[in-house]
Each structure stands twice: as structure tokens, then as C-alpha cells.
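Undergrad: Here it is, the structure, as C-alpha cells.
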Amino acid sequence: MHPSRQAYVEEDTDMGINLADLPVDQDYDMPTAEAGIPSSRASAIISQFERKRRAAAMVVPTDDAKVRARLRELGEPITLFGEGPSERRDRLRELLTDMADQQGGDIEMEEPEAEAEDERQEEFYTVGSDELLAARKSIAHYSLPRAKARIARLREESTIPLRTHVKHRKAVREKLEGFDLYGSQIAGERPWWYKIVDCA
């Protein structure tokens, strides 16, 4: 190897620091409360974090109607100016957290009565007009024979072997290969072919 291509490495006689040579400092001061945040302020911040943690763990309904009903029960305004459903839910959570702090425990959300909800979800039917009945009969007279014919045709086609379908498709494709597109016009979402010329 040419000497100009060799790496130059300086030989270092100092191989590091010996641990025995390190100075030992035993004259140090422990920081007191005055050095950082005052202890009263630190405890206020910690209590605020605890309160936020308890508020996040508070169970609040997600349905806006239930949130409004609970606010009404507490005697609070249902909606404040510019308040949306998520802000309303957060406000209810804050109110419940405040109440829990005052009472020294958790506030349980009461579930609404299940009977009232079942009554609202019960199916019911109304009597339709005579015109509606006549229209539905007319639709049935039109639709049912065509559906019957379609099902019969599909049953017949299902008996035809797949090989016959493939042969028919090949024959149609071979016939169409002899045609060439002369031009098209864009109209709406797809082109309209206005002239097909047989090149065969």
C-alpha cells in the first residue's frame, strides 16, 4: 500500500483517568424548599393534578340529552353561550368533581328508568291510507310476475354448463374484435360512441 493512503494515527500515551486520582467532594448542601418551588405552591399544583385525575375518572354520560338532564337536576344552566356538547359534558364533569370534593367521595350518576326507554323503542304501526294500499298493490302486481320470470330464467341458466358460457363469450369477443372505434363524445361521466365502423 502506498504510504499516502495509510491512515495516520497518533500514539497517545495518556490512556484515561485513574479512579483513584478523582477528587472526592463531601462538602455539599442539600437543596431546601426555598431553592425550587415553594412547598405550598408545589402542594397546590399536586392537588390540582389529583383533582384533574379524579375528574378524568368521573363517569359522565356521553348522550347530550342525559348531560342536559343532569345539569337541570343540579340546578345549573343547561347551555352556556357558545357551548357545544363536549364543553357541556366537561362542565358537568367539573361540577360533579366539585361536589365530590365537597362531600368527600364519588358522585354516582343515576341511570334513567329502563321502562321509559323501552316504551320509546317499542314498535308501533299506523294505519295507512287507501291510496298507499292501492299503490302497494299496483307495485306488487307489476313486480311479482317479473321476479317470478327472472328466477325461472336464472334456474334455467344455472343448468347450462360453464364451458358453454365460455364458448359463447369467446365467440362474442371474436366478433367484436373486427370492430373499431371511430369516435366518441364526452357527455356526462362517460363517453358516448356515435359511430362504429366494421373493419372486417
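Lettering and numbering for the C-alpha cells are positional, with chains as A, B, ... in the shown order, residues counted from 1 in each chain, and ligands counted from 1 in the shown order.
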Which residues come within 12 Å of A:Ala69, counting only C-alpha atoms, excluding same-chain residues fewer than 3 positions away, as a list in words?

TA: Val60, Pro61, Asp63, Asp64, Ala65, Lys66, Arg72, Glu73, Leu74, Gly75, Glu76, Pro77, Ile78, Thr79, Arg88, Arg89, Leu92, Met109, Glu110, Glu111 and Pro112 of chain A

Undergrad: Keeping only N, CA and C atoms, write the selected residues as a PDB file, in the first residue's frame.

TA:
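Below you can see selection37.pdb, which holds the result:
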ATOM      1  N   VAL A  60     -69.319  10.200  33.283  1.00  0.00           N
ATOM      2  CA  VAL A  60     -70.296  11.188  32.834  1.00  0.00           C
ATOM      3  C   VAL A  60     -70.953  10.634  31.577  1.00  0.00           C
ATOM      4  N   PRO A  61     -72.272  10.783  31.421  1.00  0.00           N
ATOM      5  CA  PRO A  61     -72.921  10.239  30.221  1.00  0.00           C
ATOM      6  C   PRO A  61     -72.429  10.930  28.953  1.00  0.00           C
ATOM      7  N   ASP A  63     -74.348  10.874  26.106  1.00  0.00           N
ATOM      8  CA  ASP A  63     -75.540  11.368  25.414  1.00  0.00           C
ATOM      9  C   ASP A  63     -75.826  12.795  25.874  1.00  0.00           C
ATOM     10  N   ASP A  64     -75.962  13.702  24.913  1.00  0.00           N
ATOM     11  CA  ASP A  64     -76.145  15.115  25.239  1.00  0.00           C
ATOM     12  C   ASP A  64     -77.453  15.351  25.991  1.00  0.00           C
ATOM     13  N   ALA A  65     -78.486  14.595  25.660  1.00  0.00           N
ATOM     14  CA  ALA A  65     -79.767  14.773  26.357  1.00  0.00           C
ATOM     15  C   ALA A  65     -79.632  14.397  27.836  1.00  0.00           C
ATOM     16  N   LYS A  66     -78.878  13.338  28.119  1.00  0.00           N
ATOM     17  CA  LYS A  66     -78.674  12.933  29.512  1.00  0.00           C
ATOM     18  C   LYS A  66     -77.817  13.953  30.261  1.00  0.00           C
ATOM     19  N   ARG A  72     -79.774  20.016  34.574  1.00  0.00           N
ATOM     20  CA  ARG A  72     -81.048  20.560  35.050  1.00  0.00           C
ATOM     21  C   ARG A  72     -81.311  20.098  36.481  1.00  0.00           C
ATOM     22  N   GLU A  73     -80.990  18.826  36.777  1.00  0.00           N
ATOM     23  CA  GLU A  73     -81.180  18.313  38.138  1.00  0.00           C
ATOM     24  C   GLU A  73     -80.304  19.054  39.138  1.00  0.00           C
ATOM     25  N   LEU A  74     -79.099  19.426  38.706  1.00  0.00           N
ATOM     26  CA  LEU A  74     -78.176  20.120  39.606  1.00  0.00           C
ATOM     27  C   LEU A  74     -78.498  21.604  39.739  1.00  0.00           C
ATOM     28  N   GLY A  75     -79.453  22.088  38.950  1.00  0.00           N
ATOM     29  CA  GLY A  75     -79.820  23.499  39.024  1.00  0.00           C
ATOM     30  C   GLY A  75     -78.842  24.405  38.295  1.00  0.00           C
ATOM     31  N   GLU A  76     -78.098  23.852  37.371  1.00  0.00           N
ATOM     32  CA  GLU A  76     -77.132  24.623  36.593  1.00  0.00           C
ATOM     33  C   GLU A  76     -77.742  24.987  35.245  1.00  0.00           C
ATOM     34  N   PRO A  77     -77.206  26.023  34.597  1.00  0.00           N
ATOM     35  CA  PRO A  77     -77.699  26.351  33.255  1.00  0.00           C
ATOM     36  C   PRO A  77     -77.430  25.184  32.303  1.00  0.00           C
ATOM     37  N   ILE A  78     -78.400  24.908  31.463  1.00  0.00           N
ATOM     38  CA  ILE A  78     -78.255  23.773  30.552  1.00  0.00           C
ATOM     39  C   ILE A  78     -77.209  24.073  29.491  1.00  0.00           C
ATOM     40  N   THR A  79     -77.263  25.264  28.922  1.00  0.00           N
ATOM     41  CA  THR A  79     -76.317  25.636  27.870  1.00  0.00           C
ATOM     42  C   THR A  79     -75.800  27.036  28.133  1.00  0.00           C
ATOM     43  N   ARG A  88     -70.144  21.095  27.312  1.00  0.00           N
ATOM     44  CA  ARG A  88     -71.209  20.883  28.300  1.00  0.00           C
ATOM     45  C   ARG A  88     -70.892  19.654  29.151  1.00  0.00           C
ATOM     46  N   ARG A  89     -70.386  18.617  28.501  1.00  0.00           N
ATOM     47  CA  ARG A  89     -70.021  17.391  29.217  1.00  0.00           C
ATOM     48  C   ARG A  89     -68.853  17.658  30.170  1.00  0.00           C
ATOM     49  N   LEU A  92     -70.157  19.496  33.190  1.00  0.00           N
ATOM     50  CA  LEU A  92     -70.821  18.578  34.116  1.00  0.00           C
ATOM     51  C   LEU A  92     -69.788  17.785  34.910  1.00  0.00           C
ATOM     52  N   MET A 109     -73.572   8.593  39.065  1.00  0.00           N
ATOM     53  CA  MET A 109     -74.561   9.020  38.080  1.00  0.00           C
ATOM     54  C   MET A 109     -75.719   8.035  38.122  1.00  0.00           C
ATOM     55  N   GLU A 110     -76.919   8.555  38.207  1.00  0.00           N
ATOM     56  CA  GLU A 110     -78.093   7.696  38.250  1.00  0.00           C
ATOM     57  C   GLU A 110     -78.510   7.343  36.834  1.00  0.00           C
ATOM     58  N   GLU A 111     -78.839   6.082  36.641  1.00  0.00           N
ATOM     59  CA  GLU A 111     -79.324   5.640  35.344  1.00  0.00           C
ATOM     60  C   GLU A 111     -80.806   5.974  35.236  1.00  0.00           C
ATOM     61  N   PRO A 112     -81.249   6.431  34.072  1.00  0.00           N
ATOM     62  CA  PRO A 112     -82.682   6.699  33.916  1.00  0.00           C
ATOM     63  C   PRO A 112     -83.463   5.397  33.963  1.00  0.00           C
TER      64      PRO A 112
END

Undergrad: Between atom CA of A:Ala147 and atom CA of A:Thr164, measure the distance and give it in Å to one decimal.

TA: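 Taking atom CA of A:Ala147 as the start and atom CA of A:Thr164 as the end point, the length is 25.4 Å.
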
Undergrad: Would you mind telling me which residue in A:Glu83, A:Asp21, A:Asp90, A:Glu177 lies nearest to A:Lys52 when using only C-alpha atoms?

TA: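 Ranked by minimum distance to A:Lys52, first place goes to A:Asp90.
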